[in-house]
$ cat protein_7.pdb   # PDB, C-alpha atoms, pLDDT in the B column
ATOM      1  CA  MET A 410     -28.951 -47.642  -9.386  1.00 78.00           C
ATOM      2  CA  GLN A 411     -28.004 -43.947  -9.553  1.00 88.00           C
ATOM      3  CA  ASP A 412     -26.699 -44.178  -5.993  1.00 92.00           C
ATOM      4  CA  VAL A 413     -24.260 -46.943  -6.971  1.00 94.00           C
ATOM      5  CA  THR A 414     -22.925 -45.142 -10.038  1.00 95.00           C
ATOM      6  CA  GLY A 415     -22.757 -41.927  -8.016  1.00 95.00           C
ATOM      7  CA  LEU A 416     -20.578 -43.651  -5.402  1.00 95.00           C
ATOM      8  CA  LEU A 417     -18.321 -45.091  -8.089  1.00 97.00           C
ATOM      9  CA  GLU A 418     -17.915 -41.636  -9.658  1.00 97.00           C
ATOM     10  CA  SER A 419     -17.296 -39.811  -6.355  1.00 97.00           C
ATOM     11  CA  ALA A 420     -14.782 -42.474  -5.291  1.00 97.00           C
ATOM     12  CA  ARG A 421     -12.989 -41.939  -8.614  1.00 97.00           C
ATOM     13  CA  ALA A 422     -12.930 -38.167  -8.083  1.00 97.00           C
ATOM     14  CA  GLU A 423     -11.476 -38.555  -4.563  1.00 96.00           C
ATOM     15  CA  LEU A 424      -8.726 -40.853  -5.814  1.00 97.00           C
ATOM     16  CA  ILE A 425      -7.828 -38.493  -8.669  1.00 96.00           C
ATOM     17  CA  VAL A 426      -7.540 -35.573  -6.233  1.00 95.00           C
ATOM     18  CA  VAL A 427      -5.101 -37.539  -4.058  1.00 95.00           C
ATOM     19  CA  ILE A 428      -3.005 -38.750  -7.000  1.00 94.00           C
ATOM     20  CA  SER A 429      -2.952 -35.588  -9.096  1.00 90.00           C
ATOM     21  CA  GLY A 430      -0.740 -33.549  -6.801  1.00 87.00           C
ATOM     22  CA  LEU A 431       2.023 -36.141  -6.448  1.00 94.00           C
ATOM     23  CA  THR A 432       5.440 -36.317  -8.009  1.00 94.00           C
ATOM     24  CA  GLU A 433       6.556 -39.604  -9.559  1.00 95.00           C
ATOM     25  CA  GLU A 434       8.978 -40.070  -6.661  1.00 94.00           C
ATOM     26  CA  GLN A 435       6.218 -39.577  -4.074  1.00 94.00           C
ATOM     27  CA  ALA A 436       4.042 -42.085  -5.922  1.00 95.00           C
ATOM     28  CA  ARG A 437       6.816 -44.712  -5.962  1.00 95.00           C
ATOM     29  CA  THR A 438       8.044 -44.260  -2.388  1.00 94.00           C
ATOM     30  CA  ARG A 439       6.940 -46.750   0.231  1.00 94.00           C
ATOM     31  CA  PRO A 440       6.259 -45.057   3.590  1.00 93.00           C
ATOM     32  CA  ALA A 441       7.731 -48.131   5.341  1.00 92.00           C
ATOM     33  CA  PRO A 442       9.232 -51.410   4.121  1.00 92.00           C
ATOM     34  CA  ASP A 443       6.000 -53.285   4.874  1.00 90.00           C
ATOM     35  CA  ARG A 444       3.650 -50.654   3.370  1.00 92.00           C
ATOM     36  CA  TRP A 445       2.659 -50.125  -0.252  1.00 94.00           C
ATOM     37  CA  SER A 446       3.520 -47.041  -2.263  1.00 95.00           C
ATOM     38  CA  VAL A 447       0.789 -45.000  -3.950  1.00 96.00           C
ATOM     39  CA  LEU A 448       1.490 -46.728  -7.287  1.00 96.00           C
ATOM     40  CA  GLU A 449       1.326 -50.137  -5.609  1.00 97.00           C
ATOM     41  CA  CYS A 450      -1.983 -49.244  -3.943  1.00 96.00           C
ATOM     42  CA  LEU A 451      -3.386 -48.098  -7.271  1.00 97.00           C
ATOM     43  CA  GLU A 452      -2.210 -51.279  -9.001  1.00 97.00           C
ATOM     44  CA  HIS A 453      -3.992 -53.317  -6.304  1.00 96.00           C
ATOM     45  CA  VAL A 454      -7.193 -51.251  -6.638  1.00 97.00           C
ATOM     46  CA  ASN A 455      -7.199 -51.690 -10.428  1.00 97.00           C
ATOM     47  CA  PHE A 456      -6.600 -55.433 -10.222  1.00 97.00           C
ATOM     48  CA  VAL A 457      -9.289 -56.013  -7.582  1.00 96.00           C
ATOM     49  CA  GLU A 458     -11.831 -53.865  -9.436  1.00 97.00           C
ATOM     50  CA  ARG A 459     -11.378 -55.861 -12.635  1.00 97.00           C
ATOM     51  CA  ARG A 460     -11.419 -59.148 -10.740  1.00 95.00           C
ATOM     52  CA  PHE A 461     -14.671 -58.368  -8.924  1.00 95.00           C
ATOM     53  CA  LEU A 462     -16.336 -56.893 -11.963  1.00 97.00           C
ATOM     54  CA  GLY A 463     -15.413 -60.068 -13.843  1.00 97.00           C
ATOM     55  CA  MET A 464     -17.017 -62.215 -11.143  1.00 96.00           C
ATOM     56  CA  VAL A 465     -20.265 -60.253 -11.343  1.00 97.00           C
ATOM     57  CA  ARG A 466     -20.246 -60.084 -15.138  1.00 96.00           C
ATOM     58  CA  GLU A 467     -19.613 -63.818 -15.484  1.00 96.00           C
ATOM     59  CA  SER A 468     -22.210 -64.828 -12.890  1.00 96.00           C
ATOM     60  CA  GLU A 469     -25.302 -66.612 -14.150  1.00 93.00           C
ATOM     61  CA  PRO A 470     -28.248 -64.282 -13.691  1.00 93.00           C
ATOM     62  CA  GLY A 471     -30.595 -65.681 -11.074  1.00 93.00           C
ATOM     63  CA  ALA A 472     -33.849 -64.514  -9.619  1.00 91.00           C
ATOM     64  CA  PRO A 473     -33.603 -60.798  -8.772  1.00 92.00           C
ATOM     65  CA  VAL A 474     -33.305 -60.057  -5.073  1.00 95.00           C
ATOM     66  CA  GLU A 475     -34.505 -57.029  -3.146  1.00 94.00           C
ATOM     67  CA  ARG A 476     -31.942 -54.444  -2.127  1.00 95.00           C
ATOM     68  CA  ASP A 477     -31.005 -54.817   1.523  1.00 95.00           C
ATOM     69  CA  ALA A 478     -30.342 -51.289   2.815  1.00 95.00           C
ATOM     70  CA  ALA A 479     -29.006 -52.551   6.160  1.00 96.00           C
ATOM     71  CA  LYS A 480     -26.547 -54.945   4.496  1.00 95.00           C
ATOM     72  CA  GLU A 481     -25.440 -52.252   2.037  1.00 95.00           C
ATOM     73  CA  ALA A 482     -24.871 -49.749   4.866  1.00 94.00           C
ATOM     74  CA  ALA A 483     -22.940 -52.315   6.931  1.00 93.00           C
ATOM     75  CA  LEU A 484     -20.850 -53.234   3.894  1.00 93.00           C
ATOM     76  CA  LYS A 485     -19.923 -49.595   3.271  1.00 91.00           C
ATOM     77  CA  VAL A 486     -18.886 -49.114   6.907  1.00 91.00           C
ATOM     78  CA  ARG A 487     -16.925 -52.370   7.085  1.00 91.00           C
ATOM     79  CA  VAL A 488     -15.001 -51.771   3.873  1.00 91.00           C
ATOM     80  CA  LEU A 489     -14.045 -48.214   4.833  1.00 89.00           C
ATOM     81  CA  ASP A 490     -13.055 -49.059   8.429  1.00 88.00           C
ATOM     82  CA  ARG A 491      -9.266 -48.901   8.510  1.00 86.00           C
ATOM     83  CA  SER A 492      -8.981 -49.285  12.286  1.00 85.00           C
ATOM     84  CA  ASN A 493      -8.489 -53.009  11.759  1.00 78.00           C
ATOM     85  CA  PRO A 494      -5.725 -53.413   9.144  1.00 80.00           C
ATOM     86  CA  ARG A 495      -6.168 -56.250   6.683  1.00 82.00           C
ATOM     87  CA  THR A 496      -3.617 -58.153   4.680  1.00 85.00           C
ATOM     88  CA  ALA A 497      -4.502 -58.653   1.041  1.00 87.00           C
ATOM     89  CA  PRO A 498      -4.167 -62.177  -0.342  1.00 86.00           C
ATOM     90  CA  GLU A 499      -0.899 -62.750  -2.171  1.00 88.00           C
ATOM     91  CA  ALA A 500      -2.790 -63.134  -5.472  1.00 88.00           C
ATOM     92  CA  VAL A 501      -3.796 -59.451  -5.408  1.00 91.00           C
ATOM     93  CA  HIS A 502      -0.473 -57.982  -4.219  1.00 93.00           C
ATOM     94  CA  PRO A 503       1.063 -55.386  -6.540  1.00 95.00           C
ATOM     95  CA  THR A 504       3.870 -56.494  -8.835  1.00 95.00           C
ATOM     96  CA  GLY A 505       5.265 -53.112  -9.943  1.00 95.00           C
ATOM     97  CA  LYS A 506       3.199 -53.023 -13.128  1.00 95.00           C
ATOM     98  CA  TYR A 507       3.192 -49.231 -13.586  1.00 96.00           C
ATOM     99  CA  ALA A 508       6.110 -47.009 -14.546  1.00 94.00           C
ATOM    100  CA  SER A 509       4.255 -43.738 -13.946  1.00 96.00           C
ATOM    101  CA  ILE A 510       1.289 -42.062 -12.306  1.00 96.00           C
ATOM    102  CA  SER A 511      -0.262 -41.328 -15.688  1.00 96.00           C
ATOM    103  CA  GLU A 512      -0.058 -44.990 -16.739  1.00 97.00           C
ATOM    104  CA  ALA A 513      -1.643 -46.167 -13.464  1.00 97.00           C
ATOM    105  CA  LEU A 514      -4.318 -43.489 -13.589  1.00 96.00           C
ATOM    106  CA  GLN A 515      -5.138 -44.266 -17.218  1.00 97.00           C
ATOM    107  CA  ASP A 516      -5.638 -47.935 -16.281  1.00 97.00           C
ATOM    108  CA  PHE A 517      -7.734 -46.948 -13.248  1.00 98.00           C
ATOM    109  CA  ASN A 518      -9.992 -44.762 -15.390  1.00 98.00           C
ATOM    110  CA  ALA A 519     -10.353 -47.556 -17.960  1.00 98.00           C
ATOM    111  CA  ALA A 520     -11.340 -50.039 -15.236  1.00 98.00           C
ATOM    112  CA  ARG A 521     -13.771 -47.600 -13.612  1.00 98.00           C
ATOM    113  CA  ASP A 522     -15.301 -46.718 -17.003  1.00 98.00           C
ATOM    114  CA  GLU A 523     -15.823 -50.432 -17.623  1.00 98.00           C
ATOM    115  CA  THR A 524     -17.500 -50.840 -14.212  1.00 98.00           C
ATOM    116  CA  LEU A 525     -19.764 -47.840 -14.809  1.00 97.00           C
ATOM    117  CA  ARG A 526     -20.674 -49.058 -18.294  1.00 97.00           C
ATOM    118  CA  PHE A 527     -21.616 -52.469 -16.881  1.00 97.00           C
ATOM    119  CA  ALA A 528     -23.678 -50.872 -14.102  1.00 96.00           C
ATOM    120  CA  SER A 529     -25.494 -48.716 -16.628  1.00 95.00           C
ATOM    121  CA  GLU A 530     -26.160 -51.601 -19.022  1.00 95.00           C
ATOM    122  CA  GLU A 531     -27.396 -53.919 -16.274  1.00 95.00           C
ATOM    123  CA  GLY A 532     -29.440 -51.403 -14.268  1.00 93.00           C
ATOM    124  CA  VAL A 533     -31.840 -53.233 -11.930  1.00 93.00           C
ATOM    125  CA  SER A 534     -30.639 -56.541 -13.414  1.00 95.00           C
ATOM    126  CA  LEU A 535     -27.609 -56.133 -11.142  1.00 95.00           C
ATOM    127  CA  LEU A 536     -29.879 -57.542  -8.440  1.00 96.00           C
ATOM    128  CA  ALA A 537     -29.958 -60.834 -10.371  1.00 96.00           C
ATOM    129  CA  ARG A 538     -26.139 -61.015 -10.523  1.00 96.00           C
ATOM    130  CA  SER A 539     -23.799 -62.225  -7.793  1.00 95.00           C
ATOM    131  CA  ALA A 540     -20.234 -62.569  -6.596  1.00 95.00           C
ATOM    132  CA  ASN A 541     -18.684 -64.372  -3.684  1.00 93.00           C
ATOM    133  CA  HIS A 542     -16.169 -62.484  -1.543  1.00 92.00           C
ATOM    134  CA  PRO A 543     -13.703 -64.627   0.442  1.00 88.00           C
ATOM    135  CA  VAL A 544     -14.426 -62.704   3.664  1.00 87.00           C
ATOM    136  CA  LEU A 545     -17.792 -61.006   3.131  1.00 90.00           C
ATOM    137  CA  GLY A 546     -19.481 -64.005   1.523  1.00 92.00           C
ATOM    138  CA  PRO A 547     -22.196 -63.883  -1.129  1.00 95.00           C
ATOM    139  CA  LEU A 548     -23.020 -60.471  -2.593  1.00 96.00           C
ATOM    140  CA  ASN A 549     -25.553 -59.427  -5.186  1.00 96.00           C
ATOM    141  CA  GLY A 550     -24.346 -57.304  -8.110  1.00 97.00           C
ATOM    142  CA  VAL A 551     -25.256 -54.024  -6.412  1.00 96.00           C
ATOM    143  CA  GLU A 552     -23.390 -54.997  -3.251  1.00 97.00           C
ATOM    144  CA  ALA A 553     -20.380 -56.088  -5.314  1.00 96.00           C
ATOM    145  CA  LEU A 554     -20.239 -52.690  -7.049  1.00 97.00           C
ATOM    146  CA  LEU A 555     -20.582 -50.943  -3.682  1.00 96.00           C
ATOM    147  CA  LEU A 556     -17.649 -53.065  -2.529  1.00 96.00           C
ATOM    148  CA  ILE A 557     -15.621 -51.942  -5.566  1.00 97.00           C
ATOM    149  CA  ALA A 558     -16.347 -48.279  -4.747  1.00 97.00           C
ATOM    150  CA  GLY A 559     -15.580 -48.739  -1.051  1.00 95.00           C
ATOM    151  CA  HIS A 560     -12.404 -50.713  -1.707  1.00 95.00           C
ATOM    152  CA  GLY A 561     -11.131 -47.887  -3.903  1.00 96.00           C
ATOM    153  CA  ARG A 562     -12.007 -45.356  -1.194  1.00 95.00           C
ATOM    154  CA  ARG A 563     -10.277 -47.432   1.472  1.00 94.00           C
ATOM    155  CA  HIS A 564      -7.083 -47.470  -0.551  1.00 94.00           C
ATOM    156  CA  THR A 565      -7.423 -43.797  -1.494  1.00 96.00           C
ATOM    157  CA  GLU A 566      -7.034 -43.069   2.216  1.00 94.00           C
ATOM    158  CA  GLN A 567      -4.010 -45.381   2.294  1.00 93.00           C
ATOM    159  CA  MET A 568      -2.576 -43.517  -0.729  1.00 94.00           C
ATOM    160  CA  ARG A 569      -3.110 -40.209   1.045  1.00 92.00           C
ATOM    161  CA  GLU A 570      -1.173 -41.548   4.044  1.00 91.00           C
ATOM    162  CA  ALA A 571       1.595 -43.015   1.863  1.00 90.00           C
ATOM    163  CA  ALA A 572       2.000 -39.685   0.055  1.00 87.00           C
ATOM    164  CA  GLN A 573       2.449 -38.045   3.464  1.00 86.00           C
ATOM    165  CA  GLY A 574       5.048 -40.644   4.431  1.00 81.00           C
ATOM    166  CA  ARG A 575       2.902 -42.439   6.991  1.00 83.00           C
TER     167      ARG A 575
END
$ encode --input "protein_7.pdb" --output "structure tokens"
Amino acid sequence: MQDVTGLLESARAELIVVISGLTEEQARTRPAPDRWSVLECLEHVNFVERRFLGMVRESEPGAPVERDAAKEAALKVRVLDRSNPRTAPEAVHPTGKYASISEALQDFNAARDETLRFASEEGVSLLARSANHPVLGPLNGVEALLLIAGHGRRHTEQMREAAQGR
């Protein structure tokens, strides 16, 4: 499961690089009326990470499945592909929860630490866990954590664009 925790850590590092050079005003500014600010993107990422981790954590362990390299690769590509914009369900839209970059980043790090701790504790037992994504369908625990990493990366790119005013 080193590859999964490695992806979660590298996705965290990428996000921190994008966020760390911003002013509070840059982080709060929406690039367009219908686009999220950096802080709104980060709020969404944090909420979705906790939501998906909760689904996996609360799932009843079943019979372990084999890792499906083709499905994992396709999942990574699909999640990162921003050529086809998606609209997040209303339930996971940002609400303006954070007053500052440091507050949002502290919450992000807490959520990511929790995800990494769970991955470490579960190890290969992640393959006996599951979650159901509304679009991607049933995922095992490994695939769900890959989705968490990819979702964060997808929005890191969106944050980069928002910080540049596009």
$ atom_distance --input "protein_7.pdb" --atom1 "CA of His453 (chain A)" --atom2 "CA of Gly471 (chain A)"
29.7 Å
$ residues_around --input "protein_7.pdb" --residues "Tyr507 (chain A)" --least-positions-apart "6" --cutoff "12 Å" --atoms "only C-alpha atoms" --output "ChimeraX atom specification"
/A:433,436-437,446-453,455,513-517
$ write_last_selection --input "protein_7.pdb" --atoms "C-alpha atoms" --output "PDB file, in the coordinates of the input"
ATOM      1  CA  GLU A 433       6.556 -39.604  -9.559  1.00 95.00           C
ATOM      2  CA  ALA A 436       4.042 -42.085  -5.922  1.00 95.00           C
ATOM      3  CA  ARG A 437       6.816 -44.712  -5.962  1.00 95.00           C
ATOM      4  CA  SER A 446       3.520 -47.041  -2.263  1.00 95.00           C
ATOM      5  CA  VAL A 447       0.789 -45.000  -3.950  1.00 96.00           C
ATOM      6  CA  LEU A 448       1.490 -46.728  -7.287  1.00 96.00           C
ATOM      7  CA  GLU A 449       1.326 -50.137  -5.609  1.00 97.00           C
ATOM      8  CA  CYS A 450      -1.983 -49.244  -3.943  1.00 96.00           C
ATOM      9  CA  LEU A 451      -3.386 -48.098  -7.271  1.00 97.00           C
ATOM     10  CA  GLU A 452      -2.210 -51.279  -9.001  1.00 97.00           C
ATOM     11  CA  HIS A 453      -3.992 -53.317  -6.304  1.00 96.00           C
ATOM     12  CA  ASN A 455      -7.199 -51.690 -10.428  1.00 97.00           C
ATOM     13  CA  ALA A 513      -1.643 -46.167 -13.464  1.00 97.00           C
ATOM     14  CA  LEU A 514      -4.318 -43.489 -13.589  1.00 96.00           C
ATOM     15  CA  GLN A 515      -5.138 -44.266 -17.218  1.00 97.00           C
ATOM     16  CA  ASP A 516      -5.638 -47.935 -16.281  1.00 97.00           C
ATOM     17  CA  PHE A 517      -7.734 -46.948 -13.248  1.00 98.00           C
TER      18      PHE A 517
END
$ residues_around --input "protein_7.pdb" --residues "Arg460 (chain A)" --least-positions-apart "2" --cutoff "12 Å" --atoms "all atoms listed in the file" --output "list in words"
His453, Val454, Asn455, Phe456, Val457, Glu458, Leu462, Gly463, Met464, Val465, Arg466, Glu467, Ala500, Val501, Ala520, Glu523, Thr524, Ala540, Asn541, His542, Ala553, Leu554, Leu556 and Ile557 of chain A
$ axis_aligned_box --input "protein_7.pdb" --around "region 543-548 of chain A" --padding-each-side "4 Å" --output "lines of an AutoDock Vina configuration file"
center_x = -18.4
center_y = -62.5
center_z = 0.5
size_x = 17.3
size_y = 12.2
size_z = 14.3
$ residues_around --input "protein_7.pdb" --residues "Ala472 (chain A)" --least-positions-apart "5" --cutoff "10 Å" --atoms "all atoms listed in the file" --output "MDAnalysis selection string"
chainID A and resid 534 536:538
$ write_last_selection --input "protein_7.pdb" --atoms "C-alpha atoms" --output "mmCIF file, in the coordinates of the input"
data_model
loop_
_atom_site.group_PDB
_atom_site.id
_atom_site.type_symbol
_atom_site.label_atom_id
_atom_site.label_comp_id
_atom_site.auth_asym_id
_atom_site.auth_seq_id
_atom_site.Cartn_x
_atom_site.Cartn_y
_atom_site.Cartn_z
ATOM 1 C CA SER A 534 -30.639 -56.541 -13.414
ATOM 2 C CA LEU A 536 -29.879 -57.542 -8.440
ATOM 3 C CA ALA A 537 -29.958 -60.834 -10.371
ATOM 4 C CA ARG A 538 -26.139 -61.015 -10.523
#
